[in-house]
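Below: query-v8.cif (mmCIF, C-alpha atoms)
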data_coords
#
loop_
_atom_site.label_atom_id
_atom_site.label_comp_id
_atom_site.auth_asym_id
_atom_site.auth_seq_id
_atom_site.Cartn_x
_atom_site.Cartn_y
_atom_site.Cartn_z
CA PHE O 8 -24.74 -24.86 2.70
CA SER O 9 -22.88 -26.23 -0.35
CA ILE O 10 -21.58 -22.73 -1.20
CA LEU O 11 -20.31 -22.18 2.36
CA LYS O 12 -18.61 -25.58 2.31
CA TYR O 13 -16.97 -24.74 -1.02
CA MET O 14 -15.80 -21.32 0.24
CA LYS O 15 -14.06 -22.90 3.25
CA LYS O 16 -11.76 -24.70 0.81
CA ASN O 17 -11.43 -22.00 -1.87
CA VAL O 18 -9.27 -19.59 0.14
CA LEU O 19 -6.34 -17.21 -0.35
CA TYR O 20 -4.28 -15.54 2.37
CA PHE O 21 -2.71 -12.12 1.88
CA TYR O 22 0.09 -10.74 4.06
CA ILE O 23 0.20 -6.94 3.68
CA ALA O 24 2.08 -4.57 6.01
CA GLY O 25 2.18 -7.23 8.72
CA PHE O 26 -1.58 -7.96 8.50
CA LEU O 27 -2.97 -11.35 7.51
CA ILE O 28 -6.12 -11.07 5.35
CA LYS O 29 -8.27 -14.04 4.37
CA LEU O 30 -10.09 -14.18 1.02
CA LYS O 31 -12.87 -16.73 0.47
CA PHE O 32 -14.46 -17.37 -2.93
CA ALA O 33 -17.85 -18.81 -3.88
CA PRO O 34 -17.90 -21.09 -6.95
CA THR O 35 -18.00 -19.34 -10.34
CA GLN O 36 -20.67 -20.21 -12.90
CA GLY O 37 -19.50 -22.21 -15.89
CA LYS O 38 -16.03 -23.34 -16.92
CA ASN O 39 -15.03 -19.96 -18.33
CA PRO O 40 -16.61 -17.19 -16.23
CA VAL O 41 -16.60 -13.72 -17.79
CA ASN O 42 -15.07 -12.15 -14.70
CA ASN O 43 -12.61 -14.45 -12.93
CA ILE O 44 -11.75 -12.10 -10.08
CA ARG O 45 -9.59 -14.68 -8.29
CA GLU O 46 -7.36 -15.11 -11.34
CA LYS O 47 -6.94 -11.33 -11.64
CA ILE O 48 -6.08 -11.04 -7.95
CA ASN O 49 -3.51 -13.84 -8.35
CA ASN O 50 -1.88 -12.07 -11.28
CA ILE O 51 -1.54 -8.68 -9.58
CA TYR O 52 -0.86 -9.69 -5.97
CA ALA O 53 1.12 -12.92 -6.24
CA GLY O 54 3.85 -11.47 -4.02
CA PHE O 55 1.40 -10.89 -1.14
CA ILE O 56 -0.04 -14.42 -1.18
CA VAL O 57 1.16 -16.74 1.60
CA LYS O 58 0.45 -20.41 2.23
CA GLY O 59 0.05 -22.52 5.34
CA GLN O 60 -1.92 -19.88 7.28
CA ARG O 61 -5.04 -21.91 8.04
CA GLY O 62 -6.18 -21.43 11.64
CA LYS O 63 -4.11 -18.29 12.21
CA LYS O 64 -5.72 -15.07 13.39
CA CYS O 65 -6.60 -12.74 10.52
CA LEU O 66 -7.15 -9.00 10.40
CA THR O 67 -10.36 -9.58 8.48
CA GLU O 68 -12.07 -11.96 6.08
CA ILE O 69 -13.20 -10.87 2.60
CA ASN O 70 -15.97 -13.09 1.21
CA PHE O 71 -16.75 -13.16 -2.51
CA LEU O 72 -20.42 -14.14 -2.87
CA PRO O 73 -22.14 -15.32 -6.08
CA SER O 74 -24.36 -12.27 -6.72
CA ALA O 75 -25.29 -8.86 -5.37
CA PRO O 76 -28.67 -7.40 -4.42
CA TYR O 77 -29.93 -4.24 -6.12
CA VAL O 78 -29.90 -1.19 -3.84
CA PHE O 79 -31.76 2.03 -4.58
CA GLN O 80 -29.82 5.15 -3.61
CA LYS O 81 -32.73 7.12 -2.10
CA LYS O 82 -30.57 9.57 -0.15
CA LEU O 83 -28.84 10.72 -3.31
CA LYS O 84 -32.16 10.85 -5.22
CA LEU O 85 -30.66 9.09 -8.21
CA PRO O 86 -33.12 8.09 -10.96
CA TYR O 87 -31.67 4.60 -11.36
CA PHE O 88 -30.64 1.48 -9.49
CA THR O 89 -27.05 0.53 -8.73
CA LEU O 90 -25.33 -2.64 -7.57
CA ALA O 91 -24.10 -2.81 -4.01
CA PHE O 92 -20.29 -2.76 -3.86
CA TYR O 93 -19.67 -4.44 -0.50
CA HIS O 94 -20.86 -4.45 3.09
CA VAL O 95 -19.25 -5.18 6.47
CA LYS O 96 -20.72 -7.32 9.23
CA ASN O 97 -19.05 -8.61 12.40
CA ASN O 98 -15.57 -7.60 11.14
CA LYS O 99 -16.10 -9.57 7.93
CA VAL O 100 -16.34 -8.01 4.48
CA PHE O 101 -18.85 -9.33 1.95
CA THR O 102 -18.45 -8.54 -1.73
CA TYR O 103 -19.25 -10.31 -5.00
CA LEU O 104 -17.61 -12.32 -7.74
CA HIS O 105 -18.70 -9.89 -10.45
CA ILE O 106 -16.72 -6.89 -9.13
CA SER O 107 -13.87 -5.49 -11.21
CA ILE O 108 -10.25 -5.63 -10.11
CA ASN O 109 -10.42 -1.85 -9.53
CA HIS O 110 -13.34 -2.38 -7.14
CA PHE O 111 -11.28 -4.98 -5.29
CA ILE O 112 -8.24 -2.70 -5.06
CA THR O 113 -10.41 0.08 -3.61
CA LEU O 114 -11.87 -2.35 -1.09
CA LEU O 115 -8.46 -3.70 -0.13
CA LEU O 116 -7.06 -0.20 0.35
CA ARG O 117 -9.92 0.67 2.69
CA VAL O 118 -9.36 -2.48 4.72
CA VAL O 119 -5.63 -1.78 5.06
CA GLN O 120 -6.18 1.93 5.79
CA ASN O 121 -8.54 1.10 8.66
CA ALA O 122 -5.94 -1.30 10.06
CA LEU O 123 -3.17 1.30 9.80
CA LEU O 124 -5.25 3.86 11.70
CA LYS O 125 -5.54 1.44 14.61
CA ASN O 126 -1.92 0.26 14.50
CA ASN O 127 0.35 3.32 14.19
CA GLY O 128 0.75 3.27 10.44
CA PHE O 129 0.00 5.34 7.35
CA PHE O 130 0.09 5.37 3.56
CA LEU O 131 2.75 7.63 2.05
CA HIS O 132 2.78 9.07 -1.49
CA CYS O 133 6.30 8.05 -2.48
CA SER O 134 8.65 5.91 -4.49
CA ALA O 135 11.28 3.75 -2.81
CA VAL O 136 14.23 1.47 -3.46
CA GLU O 137 16.11 -1.13 -1.45
CA ILE O 138 19.87 -0.79 -0.96
CA ASP O 139 21.63 -3.35 1.23
CA GLY O 140 18.33 -4.50 2.77
CA LYS O 141 17.15 -1.02 3.76
CA ALA O 142 14.50 1.26 2.26
CA HIS O 143 15.39 4.64 0.78
CA VAL O 144 12.11 6.54 0.41
CA PHE O 145 11.54 9.44 -2.01
CA VAL O 146 8.66 11.77 -1.16
CA GLY O 147 6.95 14.48 -3.16
CA PRO O 148 3.74 15.49 -4.95
CA SER O 149 2.93 14.44 -8.52
CA GLY O 150 5.62 15.74 -10.85
CA ALA O 151 8.31 15.97 -8.15
CA GLY O 152 10.41 13.25 -9.79
CA LYS O 153 9.59 10.08 -7.82
CA SER O 154 9.44 7.95 -10.96
CA THR O 155 12.51 9.68 -12.43
CA ILE O 156 14.56 8.83 -9.33
CA LEU O 157 13.34 5.24 -9.49
CA ASN O 158 14.51 4.88 -13.09
CA LEU O 159 17.83 6.58 -12.43
CA THR O 160 18.65 4.26 -9.50
CA ARG O 161 17.14 1.09 -10.96
CA ARG O 162 20.42 -0.52 -12.05
CA GLN O 163 22.06 -0.16 -8.62
CA SER O 164 19.12 -0.85 -6.31
CA ILE O 165 15.92 -2.88 -6.06
CA PRO O 166 12.80 -0.82 -6.89
CA LEU O 167 10.05 -1.22 -4.26
CA VAL O 168 7.25 1.22 -5.14
CA ASP O 169 6.63 4.04 -7.60
CA GLU O 170 3.39 5.48 -6.20
CA SER O 171 2.62 4.54 -2.61
CA GLY O 172 4.23 2.81 0.36
CA ILE O 173 3.28 1.96 3.93
CA ILE O 174 5.11 3.04 7.08
CA ILE O 175 4.09 1.29 10.30
CA LYS O 176 5.39 0.89 13.83
CA GLU O 177 6.27 -2.62 14.95
CA ASN O 178 8.09 -3.49 18.19
CA ASN O 179 8.99 0.16 18.89
CA SER O 180 10.52 0.70 15.43
CA PHE O 181 9.06 1.97 12.15
CA TYR O 182 9.32 -0.14 9.00
CA PHE O 183 8.52 0.28 5.31
CA TYR O 184 6.21 -2.08 3.39
CA GLN O 185 4.97 -2.19 -0.18
CA SER O 186 1.32 -1.22 -0.53
CA PRO O 187 -1.62 -2.76 -2.46
CA VAL O 188 -1.60 0.19 -4.89
CA VAL O 189 -0.86 -1.10 -8.40
CA GLU O 190 2.50 0.14 -9.62
CA LYS O 191 2.93 1.94 -12.95
CA TYR O 192 6.01 -0.13 -13.78
CA LYS O 193 5.44 -3.85 -14.30
CA TRP O 194 9.03 -4.65 -13.34
CA ILE O 195 8.35 -3.75 -9.71
CA LYS O 196 7.63 -7.00 -7.86
CA LYS O 197 5.30 -7.06 -4.86
CA THR O 198 6.46 -8.78 -1.68
CA PHE O 199 5.25 -8.97 1.92
CA LYS O 200 8.79 -8.31 3.20
CA ARG O 201 9.37 -5.44 5.63
CA TYR O 202 12.33 -3.07 5.37
CA PRO O 203 14.16 -0.98 7.96
CA ILE O 204 14.06 2.66 6.87
CA GLU O 205 17.46 4.12 6.05
CA SER O 206 16.44 7.64 4.94
CA ILE O 207 13.54 9.77 3.73
CA TYR O 208 14.26 12.19 0.87
CA PHE O 209 12.05 15.14 -0.09
CA LEU O 210 12.64 15.68 -3.79
CA ARG O 211 13.63 18.95 -5.44
CA LYS O 212 14.51 19.15 -9.15
CA ALA O 213 17.73 21.09 -9.74
CA LYS O 214 20.71 21.49 -12.08
CA ASP O 215 23.02 19.54 -9.77
CA CYS O 216 22.78 16.75 -7.16
CA ARG O 217 23.20 17.34 -3.44
CA LEU O 218 21.77 16.40 -0.05
CA ILE O 219 20.78 18.75 2.76
CA GLN O 220 19.84 17.15 6.07
CA LEU O 221 16.65 18.39 7.72
CA LYS O 222 16.57 18.74 11.51
CA ASN O 223 13.46 20.89 12.03
CA ASN O 224 10.85 18.36 13.17
CA ASN O 225 7.92 20.72 12.58
CA LYS O 226 8.96 21.23 8.96
CA ILE O 227 9.45 17.48 8.46
CA ILE O 228 6.00 16.72 9.94
CA THR O 229 4.44 19.26 7.56
CA LEU O 230 6.23 17.76 4.54
CA ILE O 231 5.24 14.19 5.47
CA SER O 232 1.64 15.11 6.28
CA ALA O 233 1.18 16.73 2.87
CA GLN O 234 1.95 13.39 1.20
CA THR O 235 -0.06 10.97 3.36
CA TRP O 236 -3.24 9.36 2.08
CA SER O 237 -5.99 9.81 4.63
CA LEU O 238 -9.60 10.92 5.00
CA GLU O 239 -10.01 14.30 6.65
CA LYS O 240 -11.78 12.76 9.66
CA ASP O 241 -8.76 10.49 10.28
CA MET O 242 -6.05 13.14 9.89
CA ARG O 243 -5.71 13.93 13.61
CA SER O 244 -4.89 10.28 14.37
CA GLN O 245 -2.49 10.17 11.41
CA ILE O 246 -0.66 13.32 12.57
CA LYS O 247 0.04 11.71 15.94
CA THR O 248 1.59 8.68 14.21
CA ILE O 249 3.62 10.91 11.89
CA MET O 250 4.96 12.88 14.87
CA ASN O 251 6.08 9.64 16.53
CA PHE O 252 7.69 8.53 13.28
CA VAL O 253 9.66 11.77 12.92
CA LYS O 254 10.83 11.53 16.54
CA SER O 255 12.04 7.97 15.95
CA ASN O 256 15.07 9.53 14.23
CA PRO O 257 15.22 8.20 10.70
CA ARG O 258 17.31 10.57 8.62
CA PHE O 259 15.43 13.18 6.59
CA TYR O 260 16.94 15.07 3.67
CA LEU O 261 16.18 17.48 0.89
CA LEU O 262 17.48 15.76 -2.24
CA TYR O 263 18.24 18.22 -5.02
CA PHE O 264 18.76 16.22 -8.18
CA ALA O 265 19.38 16.40 -11.90
CA LYS O 266 19.14 13.47 -14.32
CA ASN O 267 22.58 12.18 -13.39
CA GLU O 268 22.44 8.48 -12.55
CA GLU O 269 26.04 8.20 -11.38
CA LYS O 270 25.87 11.18 -9.02
CA ILE O 271 22.51 10.21 -7.48
CA CYS O 272 23.62 6.64 -6.85
CA GLU O 273 26.87 7.92 -5.35
CA LEU O 274 24.92 10.15 -2.94
CA LEU O 275 22.62 7.31 -1.86
CA LYS O 276 25.49 4.85 -1.34
CA ILE O 277 27.51 7.36 0.67
CA ASN O 278 24.41 8.09 2.76
CA ASN O 279 23.74 4.38 3.24
CA SER O 280 27.21 3.80 4.70
CA ALA O 281 27.26 6.95 6.83
#

Could I get this structure in the form of structure tokens?
Amino acid sequence: FSILKYMKKNVLYFYIAGFLIKLKFAPTQGKNPVNNIREKINNIYAGFIVKGQRGKKCLTEINFLPSAPYVFQKKLKLPYFTLAFYHVKNNKVFTYLHISINHFITLLLRVVQNALLKNNGFFLHCSAVEIDGKAHVFVGPSGAGKSTILNLTRRQSIPLVDESGIIIKENNSFYFYQSPVVEKYKWIKKTFKRYPIESIYFLRKAKDCRLIQLKNNNKIITLISAQTWSLEKDMRSQIKTIMNFVKSNPRFYLLYFAKNEEKICELLKINNSA
């Protein structure tokens, strides 16, 4: 009872992609616990933390309990015991204070992914910047130049993500949000703000810089689908959302680019005012 009473007061609220998530923490042992998971969460996700949310409806509740039971993996026939990671009961998630920050990130991504599947959203492998309050999103596989574009445009825009973003439908329009994925660059600041989407750019390295607008919806859907993060069993649902997104008429382009900061920024600014 004392632990439950403590956890009611020791609470954080996250606001991610329009979803409110409640985190409740059991008391740690000793003044200087070896693994202060709450402190690590605060350091990484300060921009997602919101105050004054008590009593509001939450997507889910993540409870950090004092210790974990040992679970034998009989189905896998492993010759050792392993600690349980987390479990879900009645739309609440139960995990433990001893988990690493990487465990927590994995858990948080699964929670958000499940919410996106049910609410017309998806994770996108991309980088993105803000120009005049709108998101310019750069899409491509590893090595396509997403980080290069981010660095080239950094001085004339606000970097949003370098690895993954969220696109979700709200009030008949699609918006861009930052995701819980940890960014490679520490100078990218997390925020729960949503951004109207100005344009989506599929990156192509070249010797010059130019834009070619794409109008073939089937090709665009294929390009987007190749860079979404989803389990195979969920892909059919994701494709439907992607099709609706493409039909919502954001502008899609092939962006051929060289390492020319001035020319790239000129292209993006011209496109933003078009």

(Q) Please enumerate the residues selected by the PyMOL selection byres ((chain O and resi 162) around 12) when evaluated against the supplied file, formatted as a list in words. (A) Val136, Glu137, Ile138, Ile156, Leu157, Asn158, Leu159, Thr160, Arg161, Gln163, Ser164, Ile165, Pro166, Glu268, Glu269, Ile271 and Cys272 of chain O

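Proximity to Lys197 (chain O) was assessed for O:Leu27, O:Lys276, O:Pro34, O:Tyr52 counting only C-alpha atoms; the smallest distance is recorded for O:Tyr52.
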
Q: Taking the file above as input, evaluate the PyMOL selection byres ((chain O and resi 105-121) around 7) and report the hits as a list in words.
A: Asn42, Ile44, Lys47, Tyr103, Leu104, Ala122, Leu123, Leu124, Lys125 and Pro187 of chain O

Enumerate, in order of chain and increasing residue number, the residues of region 110-137 of chain O with an atom no farther than 8 Å from region 231-252 of chain O, each with its shortest atom pair and distance in Å to one decimal, counting all atoms listed in the file, as JSON lines.
{"residue": "O:Gln120", "atom": "CA", "partner": "O:Ser237", "partner_atom": "CA", "distance": 8.0}
{"residue": "O:Leu124", "atom": "CA", "partner": "O:Gln245", "partner_atom": "CA", "distance": 6.9}
{"residue": "O:Asn127", "atom": "CA", "partner": "O:Thr248", "partner_atom": "CA", "distance": 5.5}
{"residue": "O:Gly128", "atom": "CA", "partner": "O:Thr248", "partner_atom": "CA", "distance": 6.6}
{"residue": "O:Phe129", "atom": "CA", "partner": "O:Gln245", "partner_atom": "CA", "distance": 6.8}
{"residue": "O:Phe130", "atom": "CA", "partner": "O:Trp236", "partner_atom": "CA", "distance": 5.4}
{"residue": "O:Leu131", "atom": "CA", "partner": "O:Thr235", "partner_atom": "CA", "distance": 4.6}
{"residue": "O:His132", "atom": "CA", "partner": "O:Gln234", "partner_atom": "CA", "distance": 5.2}
{"residue": "O:Cys133", "atom": "CA", "partner": "O:Gln234", "partner_atom": "CA", "distance": 7.8}

C-alpha atoms of the current selection, written as an mmCIF file, in the frame of the given file:
data_model
loop_
_atom_site.group_PDB
_atom_site.id
_atom_site.type_symbol
_atom_site.label_atom_id
_atom_site.label_comp_id
_atom_site.auth_asym_id
_atom_site.auth_seq_id
_atom_site.Cartn_x
_atom_site.Cartn_y
_atom_site.Cartn_z
ATOM 1 C CA GLN O 120 -6.180 1.930 5.790
ATOM 2 C CA LEU O 124 -5.250 3.860 11.700
ATOM 3 C CA ASN O 127 0.350 3.320 14.190
ATOM 4 C CA GLY O 128 0.750 3.270 10.440
ATOM 5 C CA PHE O 129 0.000 5.340 7.350
ATOM 6 C CA PHE O 130 0.090 5.370 3.560
ATOM 7 C CA LEU O 131 2.750 7.630 2.050
ATOM 8 C CA HIS O 132 2.780 9.070 -1.490
ATOM 9 C CA CYS O 133 6.300 8.050 -2.480
#

Q. Which value, in Å to one decimal, gives the distance between CA of Leu262 (chain O) and CA of Val146 (chain O)?
A.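 Calculated distance between CA of Leu262 (chain O) and CA of Val146 (chain O) is 9.7 Å.
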
(Q) If I take CA of Gly152 (chain O) and CA of Ser206 (chain O), how far is one from the other in Å, to one decimal? (A) 16.9 Å

Q: List, as a VMD selection string, every residue that the PyMOL selection byres ((chain O and resi 260) around 10) selects in the file provided.
A: chain O and resid 145 206 to 210 217 to 222 227 257 to 259 261 to 263

Build an axis-aligned box that encloses every atom of region 169-181 of chain O listed in the file, pad it by 6 Å on each side, and report its centre and edge lengths in Å to one decimal, as lines of an AutoDock Vina configuration file.
center_x = 6.6
center_y = 1.0
center_z = 5.6
size_x = 19.9
size_y = 21.0
size_z = 38.5

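The two atoms in question, CA of Asp139 (chain O) and CA of Asp215 (chain O), are spaced 25.4 Å apart.
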
Q) Within 7 Å of Ile23 (chain O), counting all atoms listed in the file, which residues qualify if same-chain residues fewer than 3 places away don't, as a VMD selection string? A) chain O and resid 26 to 27 55 199

Q | Closest of O:Cys216, O:Ala24, O:Leu72, O:Ala265 to Gly172 (chain O) - atom-to-atom distances counting all atoms listed in the file | A | O:Ala24

(Q) Let me make sure I understand: among O:Pro203, O:Gly150, O:Gly54, O:Gly25, which one has the smallest atom-to-atom distance to Phe183 (chain O) if we use only C-alpha atoms? (A) O:Pro203

(Q) Nearest residue to Glu205 (chain O) out of O:Ile69, O:Val144, O:Val100, O:Ile48, using all atoms listed in the file? (A)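 Once distances to Glu205 (chain O) are computed over all atoms listed in the file, the minimum belongs to O:Val144.
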
Should you be able to, write region 230-264 of chain O of this structure into a file that contains C-alpha atoms, as a compact mmCIF listing (two decimals), in the first residue's frame.
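Okay, this is what ended up in result-v2.txt:
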# COMPACT_ATOMS: atom_id res chain seq x y z
CA LEU O 230 8.90 5.22 -51.69
CA ILE O 231 7.20 6.12 -48.39
CA SER O 232 6.38 2.50 -47.53
CA ALA O 233 10.01 1.48 -47.96
CA GLN O 234 11.00 3.90 -45.18
CA THR O 235 8.27 3.27 -42.60
CA TRP O 236 8.99 1.40 -39.38
CA SER O 237 6.43 -1.34 -38.92
CA LEU O 238 6.08 -5.03 -38.11
CA GLU O 239 5.14 -7.17 -41.09
CA LYS O 240 1.78 -8.08 -39.54
CA ASP O 241 0.88 -4.37 -39.28
CA MET O 242 1.97 -3.34 -42.78
CA ARG O 243 -1.47 -3.63 -44.39
CA SER O 244 -2.92 -1.14 -41.90
CA GLN O 245 0.09 1.15 -42.39
CA ILE O 246 -0.28 1.09 -46.20
CA LYS O 247 -3.86 2.32 -45.90
CA THR O 248 -2.70 5.27 -43.77
CA ILE O 249 0.15 6.02 -46.17
CA MET O 250 -2.27 6.04 -49.12
CA ASN O 251 -4.50 8.54 -47.31
CA PHE O 252 -1.46 10.66 -46.50
CA VAL O 253 -0.31 10.75 -50.14
CA LYS O 254 -3.83 11.69 -51.28
CA SER O 255 -3.92 14.56 -48.77
CA ASN O 256 -1.73 16.48 -51.25
CA PRO O 257 1.46 17.46 -49.47
CA ARG O 258 4.10 18.19 -52.07
CA PHE O 259 6.50 15.36 -52.89
CA TYR O 260 9.84 15.87 -54.62
CA LEU O 261 13.01 14.15 -55.69
CA LEU O 262 15.79 16.30 -54.24
CA TYR O 263 19.06 15.87 -56.10
CA PHE O 264 21.76 17.49 -54.03
